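What follows is the content of query.pdb (PDB, C-alpha atoms, pLDDT in the B column).
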MODEL        1
ATOM      1  CA  MET A   1      17.331 -11.542  -0.305  1.00 58.00           C
ATOM      2  CA  SER A   2      14.237 -10.952   1.790  1.00 66.00           C
ATOM      3  CA  ALA A   3      12.165  -7.824   1.252  1.00 62.00           C
ATOM      4  CA  LEU A   4      12.638  -6.953   4.910  1.00 65.00           C
ATOM      5  CA  PHE A   5      16.394  -6.492   4.573  1.00 78.00           C
ATOM      6  CA  ASN A   6      16.453  -4.623   1.269  1.00 83.00           C
ATOM      7  CA  PHE A   7      15.082  -1.062   1.611  1.00 84.00           C
ATOM      8  CA  GLN A   8      13.972  -0.773  -2.028  1.00 84.00           C
ATOM      9  CA  SER A   9      12.076  -4.049  -1.840  1.00 84.00           C
ATOM     10  CA  LEU A  10      10.480  -3.050   1.453  1.00 86.00           C
ATOM     11  CA  LEU A  11       9.238   0.210  -0.082  1.00 87.00           C
ATOM     12  CA  LEU A  12       7.891  -1.715  -3.056  1.00 88.00           C
ATOM     13  CA  VAL A  13       5.977  -4.118  -0.807  1.00 90.00           C
ATOM     14  CA  ILE A  14       4.503  -1.225   1.195  1.00 91.00           C
ATOM     15  CA  LEU A  15       3.453   0.623  -1.972  1.00 92.00           C
ATOM     16  CA  LEU A  16       1.854  -2.502  -3.410  1.00 92.00           C
ATOM     17  CA  LEU A  17       0.011  -3.103  -0.134  1.00 93.00           C
ATOM     18  CA  ILE A  18      -1.340   0.456  -0.109  1.00 93.00           C
ATOM     19  CA  CYS A  19      -2.415   0.338  -3.765  1.00 93.00           C
ATOM     20  CA  THR A  20      -4.007  -3.097  -3.443  1.00 93.00           C
ATOM     21  CA  CYS A  21      -5.942  -2.236  -0.286  1.00 93.00           C
ATOM     22  CA  THR A  22      -7.177   1.012  -1.812  1.00 92.00           C
ATOM     23  CA  TYR A  23      -8.396  -0.814  -4.922  1.00 93.00           C
ATOM     24  CA  VAL A  24     -10.100  -3.578  -2.934  1.00 92.00           C
ATOM     25  CA  ARG A  25     -11.829  -0.996  -0.736  1.00 91.00           C
ATOM     26  CA  ALA A  26     -13.117   0.813  -3.835  1.00 91.00           C
ATOM     27  CA  VAL A  27     -14.445  -2.416  -5.371  1.00 94.00           C
ATOM     28  CA  ALA A  28     -15.664  -4.248  -2.260  1.00 90.00           C
ATOM     29  CA  PRO A  29     -15.657  -1.962   0.793  1.00 89.00           C
ATOM     30  CA  ARG A  30     -17.079  -4.628   3.105  1.00 90.00           C
ATOM     31  CA  LEU A  31     -13.897  -6.683   2.919  1.00 87.00           C
ATOM     32  CA  ILE A  32     -11.714  -3.881   4.233  1.00 87.00           C
ATOM     33  CA  ASP A  33     -14.152  -1.992   6.479  1.00 84.00           C
ATOM     34  CA  SER A  34     -15.123  -5.030   8.543  1.00 86.00           C
ATOM     35  CA  ASN A  35     -11.661  -5.243  10.136  1.00 82.00           C
ATOM     36  CA  LYS A  36     -10.739  -1.850  11.562  1.00 85.00           C
ATOM     37  CA  GLN A  37      -9.102  -3.185  14.725  1.00 87.00           C
ATOM     38  CA  GLY A  38      -6.317  -5.664  15.378  1.00 85.00           C
ATOM     39  CA  PHE A  39      -3.828  -7.166  12.957  1.00 88.00           C
ATOM     40  CA  LEU A  40      -6.169  -7.012   9.949  1.00 87.00           C
ATOM     41  CA  GLY A  41      -6.610  -3.306  10.663  1.00 90.00           C
ATOM     42  CA  ILE A  42      -3.344  -2.820   8.758  1.00 92.00           C
ATOM     43  CA  PHE A  43      -5.316  -3.323   5.551  1.00 92.00           C
ATOM     44  CA  PHE A  44      -7.883  -0.715   6.589  1.00 92.00           C
ATOM     45  CA  MET A  45      -5.133   1.763   7.477  1.00 92.00           C
ATOM     46  CA  SER A  46      -3.356   1.086   4.171  1.00 93.00           C
ATOM     47  CA  ALA A  47      -6.574   1.727   2.252  1.00 92.00           C
ATOM     48  CA  ARG A  48      -7.124   4.953   4.184  1.00 92.00           C
ATOM     49  CA  ILE A  49      -3.563   6.117   3.387  1.00 92.00           C
ATOM     50  CA  GLY A  50      -4.128   5.322  -0.286  1.00 91.00           C
ATOM     51  CA  GLU A  51      -7.352   7.316  -0.365  1.00 90.00           C
ATOM     52  CA  ARG A  52      -6.105  10.378   1.459  1.00 92.00           C
ATOM     53  CA  LEU A  53      -2.605  10.584  -0.010  1.00 91.00           C
ATOM     54  CA  SER A  54      -3.353   9.246  -3.498  1.00 88.00           C
ATOM     55  CA  PRO A  55      -1.300  11.852  -5.450  1.00 89.00           C
ATOM     56  CA  TYR A  56       1.773  11.146  -3.325  1.00 91.00           C
ATOM     57  CA  VAL A  57       1.274   7.387  -3.510  1.00 91.00           C
ATOM     58  CA  ALA A  58       0.954   7.639  -7.294  1.00 89.00           C
ATOM     59  CA  LEU A  59       4.153   9.675  -7.521  1.00 91.00           C
ATOM     60  CA  ALA A  60       5.942   7.152  -5.331  1.00 90.00           C
ATOM     61  CA  CYS A  61       4.739   4.308  -7.582  1.00 90.00           C
ATOM     62  CA  VAL A  62       5.967   6.109 -10.695  1.00 92.00           C
ATOM     63  CA  ALA A  63       9.314   6.883  -9.056  1.00 92.00           C
ATOM     64  CA  MET A  64       9.706   3.247  -8.013  1.00 90.00           C
ATOM     65  CA  ALA A  65       8.852   2.057 -11.512  1.00 89.00           C
ATOM     66  CA  VAL A  66      11.414   4.391 -13.102  1.00 93.00           C
ATOM     67  CA  ARG A  67      14.036   3.341 -10.579  1.00 90.00           C
ATOM     68  CA  MET A  68      13.400  -0.342 -11.288  1.00 87.00           C
ATOM     69  CA  LEU A  69      13.541   0.213 -15.046  1.00 92.00           C
ATOM     70  CA  LEU A  70      16.857   2.046 -14.809  1.00 92.00           C
ATOM     71  CA  SER A  71      18.535  -0.460 -12.510  1.00 82.00           C
TER      72      SER A  71
ENDMDL
END
Would you put the structure from the file into structure tokens?
Amino acid sequence: MSALFNFQSLLLVILLLICTCTYVRAVAPRLIDSNKQGFLGIFFMSARIGERLSPYVALACVAMAVRMLLS
């Protein structure tokens, strides 16, 4: 089943996108900061969410991991 039709998979994809963009921005900020507008701006916004809401994103990642281990 596609990740778009399964809510748990969609949340997992969004969390992975946020975590990946935040990590890439910490390692190589030029890659993310050069595209603040348009379609590629999604990566910039994801990195910004990961930076500002990092405790909540971390809790969501842990909750998703526990849920996947128990299912």
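Within the 6 Å cut-off around range 16-27 of chain A, using all atoms listed in the file and omitting residues fewer than 5 positions from it on the same chain, the listed residues are Ile32, Phe43, Ser46, Ala47 and Gly50 of chain A.
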Exercise. Please measure the separation of CA of Asp33 in chain A and CA of Ile14 in chain A, giving the value in Å to one decimal.
Key: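 Between CA of Asp33 in chain A and CA of Ile14 in chain A the gap is 19.4 Å.
Distance check against Ser54 in chain A using only C-alpha atoms: of A:Leu70, A:Leu10, A:Leu15, A:Ala28, the minimum falls on A:Leu15.
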Box for range 59-65 of chain A - axis-aligned, 5 Å on each of the six sides, all listed atoms - centre and size in Å to one decimal, as lines of an AutoDock Vina configuration file.
center_x = 6.9
center_y = 5.9
center_z = -8.4
size_x = 15.6
size_y = 17.6
size_z = 16.2
Quiz item: When you draw a straight line from CA of Leu69 in chain A to CA of Val13 in chain A, how long is it in Å?
Solution: 16.7 Å
Practice problem: For CA of Arg67 in chain A and CA of Ile42 in chain A, determine how far apart the two atoms are, in Å to one decimal place. | Solution: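 Going from CA of Arg67 in chain A over to CA of Ile42 in chain A, I get 26.7 Å.
Once Leu12 in chain A and its same-chain neighbours fewer than 5 positions away are set aside, A:Ala3, A:Phe7, A:Leu17, A:Cys61, A:Met64 remain within 9 Å of it when counting only C-alpha atoms.
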